[in-house]
file run.txt (compact mmCIF, C-alpha atoms and all ligand atoms)
# COMPACT_ATOMS: atom_id res chain seq x y z
CA MET A 1 106.19 116.16 126.10
CA THR A 2 102.44 115.77 126.49
CA LYS A 3 100.93 112.39 125.85
CA ASN A 4 98.13 112.92 123.42
CA ARG A 5 97.11 109.63 121.94
CA GLU A 6 94.33 110.36 119.56
CA LEU A 7 93.82 106.89 118.23
CA ASP A 8 94.18 103.60 120.07
CA VAL A 9 96.06 101.87 117.24
CA ARG A 10 96.88 98.81 119.35
CA GLY A 11 93.20 98.23 120.16
CA LEU A 12 92.21 98.88 116.57
CA MET A 13 94.74 96.43 115.17
CA ASP A 14 93.73 93.79 117.73
CA ALA A 15 90.12 94.21 116.63
CA LEU A 16 91.24 93.75 113.02
CA ARG A 17 93.37 90.69 113.99
CA VAL A 18 96.40 92.45 112.53
CA PRO A 19 99.70 91.69 114.31
CA TRP A 20 101.55 94.80 115.45
CA LYS A 21 104.66 95.75 117.34
CA ASP A 22 105.80 98.89 119.08
CA ARG A 23 109.45 98.17 119.76
CA GLY A 24 112.45 97.06 117.76
CA ARG A 25 113.39 97.89 114.23
CA ASN A 26 111.66 100.91 112.65
CA CYS A 27 109.57 101.53 115.79
CA SER A 28 109.44 104.81 117.63
CA LYS A 29 107.50 106.24 120.54
CA GLY A 30 103.88 107.08 119.87
CA ASN A 31 103.74 104.79 116.85
CA VAL A 32 102.63 101.23 116.20
CA ASN A 33 104.05 99.20 113.32
CA ILE A 34 102.32 96.63 111.14
CA CYS A 35 103.33 94.82 107.96
CA CYS A 36 102.48 97.20 105.12
CA PRO A 37 99.25 95.97 103.51
CA TYR A 38 100.09 97.93 100.35
CA CYS A 39 103.49 96.29 99.87
CA LYS A 40 102.83 92.80 98.56
CA ASP A 41 105.75 91.21 100.37
CA ASP A 42 106.27 93.02 103.65
CA TYR A 43 106.91 90.71 106.59
CA GLY A 44 109.07 93.29 108.35
CA TYR A 45 106.49 95.67 109.92
CA HIS A 46 107.41 98.60 107.66
CA LEU A 47 104.18 100.55 108.02
CA THR A 48 104.14 102.85 111.03
CA VAL A 49 100.84 104.22 112.33
CA SER A 50 100.86 107.26 114.59
CA GLU A 51 98.75 107.16 117.73
CA GLU A 52 99.44 110.80 118.47
CA LEU A 53 98.62 112.00 114.98
CA GLY A 54 95.30 110.23 114.79
CA GLY A 55 96.33 107.31 112.61
CA LEU A 56 98.59 109.02 110.08
CA TYR A 57 100.49 106.18 108.46
CA TYR A 58 103.81 105.91 106.68
CA CYS A 59 105.52 103.01 104.85
CA TYR A 60 109.31 103.00 105.15
CA ARG A 61 109.67 101.09 101.92
CA ARG A 62 107.49 103.22 99.67
CA PRO A 63 106.76 106.39 101.61
CA ASN A 64 105.42 108.20 98.58
CA ASP A 65 102.93 105.54 97.60
CA HIS A 66 101.95 103.85 100.86
CA SER A 67 101.42 106.72 103.23
CA GLY A 68 98.51 108.92 104.16
CA ALA A 69 96.93 111.15 106.73
CA ASN A 70 93.55 109.42 106.77
CA PRO A 71 93.49 106.04 108.55
CA LEU A 72 90.15 105.22 106.94
CA ASN A 73 91.94 104.20 103.75
CA LEU A 74 94.34 102.02 105.71
CA VAL A 75 91.62 100.29 107.73
CA MET A 76 89.64 99.54 104.57
CA ARG A 77 92.79 98.10 103.01
CA LEU A 78 93.02 95.76 106.00
CA GLY A 79 89.62 94.24 105.22
CA PRO A 80 86.50 96.02 106.50
CA ASN A 81 84.16 97.89 104.20
CA ARG A 82 83.79 101.64 104.58
CA LYS A 83 80.91 101.49 107.03
CA GLU A 84 82.63 99.03 109.31
CA ALA A 85 85.94 100.93 109.04
CA VAL A 86 84.25 104.17 110.12
CA ARG A 87 82.60 102.37 113.04
CA LEU A 88 85.93 100.90 114.18
CA LEU A 89 87.78 104.19 113.88
CA ASN A 90 85.16 106.05 115.86
CA HIS A 91 85.26 103.36 118.51
CA TYR A 92 89.03 103.59 118.93
CA GLN A 93 89.32 107.37 118.84
CA ARG A 94 90.29 108.94 122.11
CA GLY A 95 89.83 112.25 123.84
CA ARG A 96 88.59 115.30 122.05
CA THR A 97 89.07 114.15 118.50
CA GLN A 98 86.20 114.52 116.12
CA LEU A 99 84.50 111.59 114.58
CA VAL A 100 85.65 110.41 111.19
CA ALA A 101 83.33 111.78 108.57
CA GLU A 102 81.67 109.27 106.28
CA ALA A 103 82.57 111.23 103.22
CA VAL A 104 86.35 111.53 103.57
CA LYS A 105 87.99 110.88 100.23
CA ALA A 106 91.44 109.53 99.53
CA PRO A 107 94.04 112.33 99.45
CA GLN A 108 94.47 113.70 95.96
CA GLN A 109 97.66 112.97 94.13
CA THR A 110 99.63 116.17 93.83
CA ALA A 111 101.05 117.33 90.50
CA LEU A 112 104.48 116.63 91.92
CA SER A 113 103.73 113.04 92.96
CA LYS A 114 102.22 112.43 89.51
CA GLN A 115 105.41 113.67 87.89
CA TRP A 116 107.45 111.51 90.25
CA GLY A 117 105.34 108.54 89.24
CA PHE A 118 106.73 108.73 85.71
CA PHE A 119 110.21 107.82 86.90
CA GLU A 120 111.20 104.18 87.25
CA GLN A 121 112.43 102.60 90.43
CA ILE A 122 116.07 101.56 90.08
CA THR A 123 116.55 97.80 89.62
CA GLU A 124 119.15 95.57 87.98
CA GLN A 125 117.34 96.44 84.74
CA HIS A 126 119.06 99.82 85.12
CA PRO A 127 122.68 98.62 85.42
CA ASN A 128 124.30 102.07 85.16
CA TYR A 129 122.38 103.32 88.15
CA ALA A 130 122.67 100.16 90.22
CA ASP A 131 126.42 100.03 89.54
CA TYR A 132 126.80 103.67 90.50
CA LEU A 133 125.14 103.02 93.86
CA ARG A 134 127.36 99.97 94.36
CA SER A 135 130.42 102.10 93.61
CA ARG A 136 129.28 104.46 96.34
CA GLY A 137 129.35 101.70 98.92
CA PHE A 138 125.72 100.59 98.83
CA ASP A 139 126.08 96.81 98.66
CA HIS A 140 122.47 96.07 97.71
CA PRO A 141 121.28 98.87 95.45
CA VAL A 142 117.98 97.29 94.43
CA GLY A 143 116.75 96.81 97.99
CA LEU A 144 118.05 100.27 98.82
CA ALA A 145 116.17 101.78 95.90
CA ARG A 146 112.99 100.06 97.00
CA ARG A 147 113.26 101.09 100.63
CA TYR A 148 114.16 104.69 99.88
CA ASP A 149 112.24 105.02 96.64
CA LEU A 150 115.25 105.87 94.46
CA ARG A 151 114.33 106.29 90.83
CA CYS A 152 115.77 107.10 87.43
CA ALA A 153 114.61 108.55 84.14
CA ALA A 154 115.00 106.83 80.77
CA ALA A 155 115.40 110.14 78.93
CA GLY A 156 115.14 113.87 79.33
CA LYS A 157 116.76 116.27 81.72
CA TRP A 158 116.62 113.84 84.66
CA ALA A 159 118.38 111.00 82.84
CA GLY A 160 121.84 110.04 84.09
CA ARG A 161 120.96 110.85 87.70
CA VAL A 162 119.89 108.84 90.72
CA LEU A 163 116.68 110.56 91.74
CA ILE A 164 116.17 110.97 95.48
CA PRO A 165 112.76 112.05 96.88
CA PHE A 166 112.46 114.65 99.63
CA SER A 167 109.37 114.03 101.74
CA GLU A 168 107.86 115.71 104.75
CA GLY A 169 105.64 113.24 106.52
CA PRO A 170 103.74 111.48 103.76
CA GLU A 171 104.07 114.35 101.29
CA LEU A 172 106.63 114.52 98.51
CA VAL A 173 107.95 118.09 98.47
CA ALA A 174 110.87 117.93 96.02
CA TRP A 175 113.55 115.69 94.61
CA THR A 176 117.17 115.89 93.66
CA GLY A 177 119.15 114.03 91.02
CA ARG A 178 122.72 112.92 91.74
CA ALA A 179 124.74 112.66 88.53
CA ILE A 180 126.19 109.19 88.05
CA ARG A 181 128.95 110.50 85.78
CA LYS A 182 132.00 111.93 87.50
CA ASP A 183 132.45 114.68 84.92
CA ALA A 184 128.87 115.96 85.11
CA GLU A 185 128.71 119.73 85.27
CA LEU A 186 126.22 119.71 88.14
CA LYS A 187 126.72 117.07 90.81
CA TYR A 188 123.19 117.59 92.11
CA TYR A 189 120.28 118.98 90.16
CA THR A 190 117.22 119.69 92.26
CA ASN A 191 113.56 120.16 91.50
CA GLN A 192 112.85 122.50 94.40
CA ASN A 193 109.20 122.87 93.50
CA GLY A 194 109.22 126.39 94.94
CA HIS A 195 110.73 125.31 98.27
CA GLU A 196 113.70 126.95 99.94
CA GLY A 197 116.03 125.39 102.45
CA LEU A 198 115.30 121.75 101.68
CA VAL A 199 116.35 119.04 104.09
CA TYR A 200 116.66 115.39 103.10
CA LEU A 201 115.64 112.96 105.84
CA PRO A 202 115.46 109.42 104.42
CA ARG A 203 114.00 107.97 107.64
CA PRO A 204 112.03 109.75 110.35
CA ALA A 205 114.14 111.30 113.09
CA ARG A 206 114.91 109.14 116.12
CA HIS A 207 116.79 109.52 119.37
CA THR A 208 119.95 110.71 117.66
CA LEU A 209 119.92 112.80 114.50
CA PHE A 210 123.13 113.11 112.52
CA VAL A 211 123.24 116.11 110.23
CA ALA A 212 125.40 115.74 107.14
CA GLU A 213 125.81 117.71 103.93
CA GLY A 214 124.88 115.72 100.84
CA PRO A 215 121.86 113.49 100.19
CA LEU A 216 124.15 110.51 99.58
CA ASP A 217 125.72 111.08 103.00
CA ALA A 218 122.28 110.94 104.59
CA LEU A 219 121.34 107.89 102.55
CA LYS A 220 124.51 106.14 103.69
CA GLY A 221 123.73 107.01 107.29
CA ALA A 222 120.16 105.76 106.92
CA ALA A 223 121.09 102.49 105.20
CA ALA A 224 123.85 101.81 107.73
CA THR A 225 121.67 102.22 110.83
CA GLU A 226 118.30 100.77 109.89
CA GLU A 227 117.85 98.82 113.14
CA LEU A 228 119.12 101.59 115.38
CA PRO A 229 117.39 104.63 116.91
CA ILE A 230 119.42 106.83 114.61
CA ALA A 231 118.49 109.03 111.67
CA THR A 232 120.67 111.07 109.33
CA ALA A 233 119.61 114.25 107.60
CA ALA A 234 121.27 116.11 104.74
CA LEU A 235 121.31 119.88 104.64
CA THR A 236 121.99 119.81 100.89
CA GLY A 237 124.83 122.26 101.42
CA LYS A 238 126.33 124.33 104.20
CA GLN A 239 123.67 127.02 104.42
CA LEU A 240 121.70 126.94 107.66
CA ASN A 241 119.20 129.65 106.91
CA ALA A 242 115.97 130.15 108.86
CA GLU A 243 113.93 128.05 106.45
CA ARG A 244 116.31 125.13 106.60
CA LEU A 245 116.53 125.26 110.39
CA GLY A 246 112.75 125.42 110.54
CA ARG A 247 112.40 122.34 108.35
CA LEU A 248 115.00 120.47 110.36
CA LYS A 249 113.27 121.34 113.64
CA ARG A 250 109.86 120.28 112.37
CA GLN A 251 111.20 116.93 111.26
CA ALA A 252 113.46 116.32 114.25
CA ALA A 253 110.94 116.56 117.09
CA GLU A 254 111.92 113.08 118.30
CA ALA A 255 115.65 113.72 118.38
CA GLN A 256 117.30 114.21 121.75
CA GLN A 257 120.78 114.56 120.36
CA ILE A 258 121.82 116.37 117.18
CA VAL A 259 125.28 115.65 115.81
CA LEU A 260 126.79 117.64 112.98
CA VAL A 261 128.93 115.51 110.64
CA LEU A 262 130.36 117.86 108.03
CA ASP A 263 132.72 117.04 105.20
CA ALA A 264 136.35 116.79 106.28
CA ASP A 265 137.35 119.87 104.28
CA THR A 266 134.98 122.19 106.18
CA ARG A 267 136.79 125.22 107.59
CA PHE A 268 136.88 125.57 111.37
CA ALA A 269 135.03 128.89 111.34
CA GLU A 270 132.28 127.48 109.19
CA ARG A 271 131.87 124.41 111.39
CA SER A 272 131.70 126.63 114.50
CA ARG A 273 129.10 128.90 112.94
CA MET A 274 126.88 126.00 111.93
CA LEU A 275 127.21 124.38 115.34
CA ALA A 276 126.21 127.64 117.03
CA GLU A 277 123.18 127.97 114.77
CA LEU A 278 122.07 124.41 115.51
CA LYS A 279 122.53 124.97 119.23
CA GLY A 280 120.34 128.05 119.01
CA ALA A 281 117.64 126.14 117.14
CA PHE A 282 117.70 123.08 119.41
CA LEU A 283 117.88 124.66 122.85
CA GLY A 284 117.72 122.14 125.66
CA ARG A 285 119.01 119.27 123.54
CA VAL A 286 122.51 117.91 123.13
CA VAL A 287 124.06 119.44 120.00
CA ARG A 288 127.62 118.66 119.00
CA SER A 289 129.94 118.31 116.06
CA LEU A 290 131.88 115.25 115.08
CA ALA A 291 134.96 114.87 112.88
CA LEU A 292 135.04 112.02 110.39
CA PRO A 293 137.73 109.42 110.93
CA ALA A 294 140.64 109.66 108.45
CA PRO A 295 140.89 109.12 105.56
CA PHE A 296 137.20 109.69 104.81
CA LYS A 297 136.24 113.01 103.23
CA ASP A 298 132.50 112.62 103.81
CA LEU A 299 130.05 110.16 105.33
CA GLY A 300 128.99 108.93 101.89
CA GLU A 301 132.52 107.68 101.22
CA MET A 302 132.37 105.18 104.05
CA GLY A 303 131.29 101.59 103.55
CA LEU A 304 128.08 100.53 105.27
CA ARG A 305 129.90 98.70 108.05
CA ASP A 306 132.30 101.57 108.79
CA ALA A 307 129.45 104.08 108.73
CA ARG A 308 127.42 101.93 111.09
CA ASN A 309 130.25 101.53 113.59
CA PHE A 310 131.07 105.21 113.43
CA LEU A 311 127.49 106.46 113.87
CA GLN A 312 126.52 103.88 116.47
CA GLY A 313 129.57 104.73 118.54
CA HIS A 314 128.50 108.35 118.74
CA ALA A 315 124.77 107.89 119.18
CA VAL A 316 124.76 107.74 122.97
CA VAL A 317 123.95 110.97 124.76
CA THR A 318 127.00 112.01 126.71
CA LEU A 319 126.76 114.45 129.59
CA ARG A 320 129.58 116.92 129.66
ZN ZN A 401 104.46 99.69 101.72
call {"tool": "encode", "arguments": {"input": "run.txt", "output": "C-alpha cells", "more": "lines below"}}
Ligand SMILES: [Zn+2]
result
Amino acid sequence: MTKNRELDVRGLMDALRVPWKDRGRNCSKGNVNICCPYCKDDYGYHLTVSEELGGLYYCYRRPNDHSGANPLNLVMRLGPNRKEAVRLLNHYQRGRTQLVAEAVKAPQQTALSKQWGFFEQITEQHPNYADYLRSRGFDHPVGLARRYDLRCAAAGKWAGRVLIPFSEGPELVAWTGRAIRKDAELKYYTNQNGHEGLVYLPRPARHTLFVAEGPLDALKGAAATEELPIATAALTGKQLNAERLGRLKRQAAEAQQIVLVLDADTRFAERSRMLAELKGAFLGRVVRSLALPAPFKDLGEMGLRDARNFLQGHAVVTLR
C-alpha cells in the first residue's frame, strides 16, 4: 500500500492545541483521532480524521451529523476563524495536494439526510424500541442508539421499526427498518434510495472483517468489539451480486482477513458459493467461513459477551 499522507493531521492538531491519539480504541492506520468537537460530551476520541484522504473526518457516535469531506469546517469548529483555518490547512498540506480554496462551502444536506433528520434517536422516551433492542441482547440500547445513530418514527410507514442508517464514508445512502413486532409481515423494510446491493457496515472496516447476513447481526458484532480491530458487515441477505461485492470491497480496503459468518441454517452449497465469490473478490487476502457455535442460529442472537469472545477468538490471521 502506498503511503500518501495528504494532510499532516498530527501537526495541525498540535498547532491547534487539540489532544489527539493514533492508537487504541477506534484508531486505525492513516487516521488520527480527537474528541469530537460537535458532540457536546465526547471524551473518548470518537472523531477520526484521515491523513490519507486530506482531512476527511468521521464521528463514530453521530456519523451522519458530525462527518465531512472538508476539514475547513472541522478546523473552524476547533476555534480559528476562516482565514486562520485556511492558513493552517495550507501549511499542513503535504505533497501534490492543491491549496484549500477560500470559498469552499459546507457540504449540502442531501434530500435523504434531511428526511433522516425527521426521525428521532431512540432513547428511554421510546420504551418499545429500547426494550426491543434489550430483548435482542443489546444491554444499553440508548448508548447503542447514540453511537450507531439508531432512530424511530412516531407515525407513518416507518413506525414500529428500529431504523438503521447505511452510510458510505460520511454519506448516508439508505436505511432499513427492523420491525419490533414478531408478527410483522416484513422483518426488514428498506429505503434503498435507488441503490442496489446495499451493505451495512456500522463501523469502518479494520484488520478483520466479519461478514454476516442481517443488519442486527452486524450491529451485534460492532457493539461487541468496539475496542478491537474488528468490524462486522451485513450483506442484507445471501445475494453476493457484483454491486454488493463492489460495495463491500470499497468499504473493506483496510481488512486483511474476511470471515463469512452466515446463519446456522445456510445450506452447504450456498455457503460454498458465497465463500468462493468472496475469495474471488478479495484475492491475496485471507477469506474463510466460520460456523456459529451451537445453539445460536445467527450472530444477532448471541449476547454481547458471547459475541465478543467468539469474534475475538477468530480475528487472528491464521496461515494454513
Ligand atoms: Zn460527534
call {"tool": "closest_residue", "arguments": {"input": "run.txt", "among": "A:Cys152, A:Ala218, A:Ile34, A:Ala234", "to": "A:Leu311", "atoms": "only C-alpha atoms"}}
result
A:Ala218
call {"tool": "residues_around", "arguments": {"input": "run.txt", "residues": "stretch 116-122 of chain A", "least_positions_apart": "2", "cutoff": "8 Å", "atoms": "all atoms listed in the file", "output": "list of chain:residue names"}}
result
A:Leu112, A:Ser113, A:Lys114, A:Glu124, A:Gln125, A:His126, A:Tyr129, A:Ala130, A:Pro141, A:Val142, A:Ala145, A:Arg146, A:Asp149, A:Leu150, A:Arg151, A:Cys152, A:Ala153, A:Ala154
call {"tool": "closest_residue", "arguments": {"input": "run.txt", "among": "A:Glu270, A:Glu254, A:Asp139, A:Glu52", "to": "A:Arg305", "atoms": "only C-alpha atoms"}}
result
A:Asp139
call {"tool": "atom_distance", "arguments": {"input": "run.txt", "atom1": "atom CA of A:Lys40", "atom2": "atom CA of A:Lys220"}}
result
26.0 Å
call {"tool": "residues_near_ligand", "arguments": {"input": "run.txt", "ligand": "ligand ZN 401 (chain A)", "cutoff": "10 Å", "atoms": "only C-alpha atoms and all ligand atoms", "output": "PyMOL selection string"}}
result
chain A and resi 35-42+45-48+58-67+146-147
call {"tool": "atom_distance", "arguments": {"input": "run.txt", "atom1": "atom CA of A:Tyr92", "atom2": "atom CA of A:Glu6"}}
result
8.6 Å
call {"tool": "atom_distance", "arguments": {"input": "run.txt", "atom1": "atom CA of A:Gly214", "atom2": "atom CA of A:Arg267"}}
result
16.7 Å
call {"tool": "residues_near_point", "arguments": {"input": "run.txt", "point": "(90.0, 92.0, 105.9)", "cutoff": "12 Å", "atoms": "all atoms listed in the file", "output": "ChimeraX atom specification"}}
result
/A:13,15-18,37,74-82,84-85
call {"tool": "closest_residue", "arguments": {"input": "run.txt", "among": "A:Asn128, A:Ala224, A:Arg203, A:Pro215", "to": "A:Ile180", "atoms": "all atoms listed in the file"}}
result
A:Asn128
call {"tool": "residues_around", "arguments": {"input": "run.txt", "residues": "A:Phe166", "least_positions_apart": "6", "cutoff": "10 Å", "atoms": "all atoms listed in the file", "output": "list in words"}}
result
Asn64, Leu172, Val173, Ala174, Trp175, Thr176, Asn191, Gln192, Leu198, Val199, Tyr200, Leu201, Pro202 and Pro215 of chain A
call {"tool": "closest_residue", "arguments": {"input": "run.txt", "among": "A:Arg178, A:Lys249, A:Lys21, A:Ile230", "to": "A:Arg285", "atoms": "only C-alpha atoms"}}
result
A:Lys249
call {"tool": "closest_residue", "arguments": {"input": "run.txt", "among": "A:Pro127, A:Pro204, A:His140, A:Asn70", "to": "A:Asn31", "atoms": "only C-alpha atoms"}}
result
A:Pro204
call {"tool": "closest_residue", "arguments": {"input": "run.txt", "among": "A:Pro71, A:Gly30, A:Gly280, A:Pro170", "to": "A:Arg206", "atoms": "only C-alpha atoms"}}
result
A:Gly30
call {"tool": "residues_around", "arguments": {"input": "run.txt", "residues": "A:Gly24", "least_positions_apart": "5", "cutoff": "10 Å", "atoms": "only C-alpha atoms", "output": "list in words"}}
result
Asn33, Tyr45, Glu227, Leu228 and Pro229 of chain A
call {"tool": "build_atoms", "arguments": {"input": "run.txt", "residues": "stretch 249-260 of chain A", "atoms": "all heavy atoms", "output": "PDB file, in the coordinates of the input"}}
result
ATOM      1  N   LYS A 249     113.922 121.409 112.329  1.00  0.00           N
ATOM      2  CA  LYS A 249     113.270 121.340 113.640  1.00  0.00           C
ATOM      3  C   LYS A 249     111.933 120.617 113.550  1.00  0.00           C
ATOM      4  O   LYS A 249     111.604 119.789 114.395  1.00  0.00           O
ATOM      5  CB  LYS A 249     113.032 122.762 114.172  1.00  0.00           C
ATOM      6  CG  LYS A 249     114.168 123.276 115.000  1.00  0.00           C
ATOM      7  CD  LYS A 249     113.908 124.684 115.462  1.00  0.00           C
ATOM      8  CE  LYS A 249     112.992 124.729 116.670  1.00  0.00           C
ATOM      9  NZ  LYS A 249     112.927 126.114 117.221  1.00  0.00           N
ATOM     10  N   ARG A 250     111.171 120.930 112.511  1.00  0.00           N
ATOM     11  CA  ARG A 250     109.860 120.280 112.370  1.00  0.00           C
ATOM     12  C   ARG A 250     110.003 118.774 112.235  1.00  0.00           C
ATOM     13  O   ARG A 250     109.204 118.011 112.743  1.00  0.00           O
ATOM     14  CB  ARG A 250     109.153 120.810 111.119  1.00  0.00           C
ATOM     15  CG  ARG A 250     108.431 122.132 111.324  1.00  0.00           C
ATOM     16  CD  ARG A 250     107.313 122.301 110.311  1.00  0.00           C
ATOM     17  NE  ARG A 250     107.763 122.305 108.926  1.00  0.00           N
ATOM     18  CZ  ARG A 250     108.346 123.342 108.344  1.00  0.00           C
ATOM     19  NH1 ARG A 250     108.570 124.442 109.016  1.00  0.00           N
ATOM     20  NH2 ARG A 250     108.699 123.277 107.078  1.00  0.00           N
ATOM     21  N   GLN A 251     111.055 118.365 111.539  1.00  0.00           N
ATOM     22  CA  GLN A 251     111.200 116.930 111.260  1.00  0.00           C
ATOM     23  C   GLN A 251     111.993 116.213 112.336  1.00  0.00           C
ATOM     24  O   GLN A 251     112.093 114.993 112.312  1.00  0.00           O
ATOM     25  CB  GLN A 251     111.875 116.733 109.901  1.00  0.00           C
ATOM     26  CG  GLN A 251     111.019 117.269 108.769  1.00  0.00           C
ATOM     27  CD  GLN A 251     111.565 116.846 107.420  1.00  0.00           C
ATOM     28  OE1 GLN A 251     111.538 115.687 107.072  1.00  0.00           O
ATOM     29  NE2 GLN A 251     112.094 117.791 106.673  1.00  0.00           N
ATOM     30  N   ALA A 252     112.577 116.950 113.270  1.00  0.00           N
ATOM     31  CA  ALA A 252     113.460 116.320 114.250  1.00  0.00           C
ATOM     32  C   ALA A 252     112.883 116.386 115.654  1.00  0.00           C
ATOM     33  O   ALA A 252     113.619 116.390 116.633  1.00  0.00           O
ATOM     34  CB  ALA A 252     114.835 116.987 114.215  1.00  0.00           C
ATOM     35  N   ALA A 253     111.563 116.425 115.768  1.00  0.00           N
ATOM     36  CA  ALA A 253     110.940 116.560 117.090  1.00  0.00           C
ATOM     37  C   ALA A 253     111.344 115.431 118.024  1.00  0.00           C
ATOM     38  O   ALA A 253     111.436 115.614 119.229  1.00  0.00           O
ATOM     39  CB  ALA A 253     109.419 116.626 116.935  1.00  0.00           C
ATOM     40  N   GLU A 254     111.601 114.245 117.472  1.00  0.00           N
ATOM     41  CA  GLU A 254     111.920 113.080 118.300  1.00  0.00           C
ATOM     42  C   GLU A 254     113.371 113.080 118.788  1.00  0.00           C
ATOM     43  O   GLU A 254     113.715 112.358 119.714  1.00  0.00           O
ATOM     44  CB  GLU A 254     111.702 111.787 117.497  1.00  0.00           C
ATOM     45  CG  GLU A 254     110.278 111.534 117.113  1.00  0.00           C
ATOM     46  CD  GLU A 254     109.648 110.459 117.998  1.00  0.00           C
ATOM     47  OE1 GLU A 254     110.401 109.683 118.609  1.00  0.00           O
ATOM     48  OE2 GLU A 254     108.413 110.438 118.073  1.00  0.00           O
ATOM     49  N   ALA A 255     114.218 113.836 118.116  1.00  0.00           N
ATOM     50  CA  ALA A 255     115.650 113.720 118.380  1.00  0.00           C
ATOM     51  C   ALA A 255     116.038 114.386 119.697  1.00  0.00           C
ATOM     52  O   ALA A 255     115.646 115.509 119.978  1.00  0.00           O
ATOM     53  CB  ALA A 255     116.437 114.338 117.233  1.00  0.00           C
ATOM     54  N   GLN A 256     116.804 113.650 120.500  1.00  0.00           N
ATOM     55  CA  GLN A 256     117.300 114.210 121.750  1.00  0.00           C
ATOM     56  C   GLN A 256     118.730 114.704 121.589  1.00  0.00           C
ATOM     57  O   GLN A 256     119.204 115.504 122.375  1.00  0.00           O
ATOM     58  CB  GLN A 256     117.261 113.132 122.849  1.00  0.00           C
ATOM     59  CG  GLN A 256     115.859 112.660 123.168  1.00  0.00           C
ATOM     60  CD  GLN A 256     114.947 113.812 123.562  1.00  0.00           C
ATOM     61  OE1 GLN A 256     115.257 114.572 124.471  1.00  0.00           O
ATOM     62  NE2 GLN A 256     113.836 113.973 122.847  1.00  0.00           N
ATOM     63  N   GLN A 257     119.390 114.181 120.592  1.00  0.00           N
ATOM     64  CA  GLN A 257     120.780 114.560 120.360  1.00  0.00           C
ATOM     65  C   GLN A 257     120.968 114.858 118.872  1.00  0.00           C
ATOM     66  O   GLN A 257     120.556 114.069 118.023  1.00  0.00           O
ATOM     67  CB  GLN A 257     121.703 113.427 120.788  1.00  0.00           C
ATOM     68  CG  GLN A 257     123.149 113.743 120.518  1.00  0.00           C
ATOM     69  CD  GLN A 257     124.096 112.655 120.951  1.00  0.00           C
ATOM     70  OE1 GLN A 257     125.089 112.931 121.589  1.00  0.00           O
ATOM     71  NE2 GLN A 257     123.809 111.424 120.580  1.00  0.00           N
ATOM     72  N   ILE A 258     121.570 115.989 118.576  1.00  0.00           N
ATOM     73  CA  ILE A 258     121.820 116.370 117.180  1.00  0.00           C
ATOM     74  C   ILE A 258     123.327 116.465 116.982  1.00  0.00           C
ATOM     75  O   ILE A 258     124.020 117.176 117.716  1.00  0.00           O
ATOM     76  CB  ILE A 258     121.121 117.715 116.853  1.00  0.00           C
ATOM     77  CG1 ILE A 258     119.603 117.533 116.861  1.00  0.00           C
ATOM     78  CG2 ILE A 258     121.526 118.209 115.468  1.00  0.00           C
ATOM     79  CD1 ILE A 258     118.932 117.884 118.111  1.00  0.00           C
ATOM     80  N   VAL A 259     123.824 115.720 116.011  1.00  0.00           N
ATOM     81  CA  VAL A 259     125.280 115.650 115.810  1.00  0.00           C
ATOM     82  C   VAL A 259     125.621 116.066 114.384  1.00  0.00           C
ATOM     83  O   VAL A 259     125.187 115.438 113.414  1.00  0.00           O
ATOM     84  CB  VAL A 259     125.809 114.215 116.065  1.00  0.00           C
ATOM     85  CG1 VAL A 259     127.327 114.196 116.011  1.00  0.00           C
ATOM     86  CG2 VAL A 259     125.317 113.692 117.405  1.00  0.00           C
ATOM     87  N   LEU A 260     126.391 117.112 114.277  1.00  0.00           N
ATOM     88  CA  LEU A 260     126.790 117.640 112.980  1.00  0.00           C
ATOM     89  C   LEU A 260     127.977 116.834 112.453  1.00  0.00           C
ATOM     90  O   LEU A 260     128.990 116.692 113.141  1.00  0.00           O
ATOM     91  CB  LEU A 260     127.169 119.115 113.175  1.00  0.00           C
ATOM     92  CG  LEU A 260     127.310 120.050 111.990  1.00  0.00           C
ATOM     93  CD1 LEU A 260     126.045 120.064 111.149  1.00  0.00           C
ATOM     94  CD2 LEU A 260     127.633 121.455 112.482  1.00  0.00           C
TER      95      LEU A 260
END
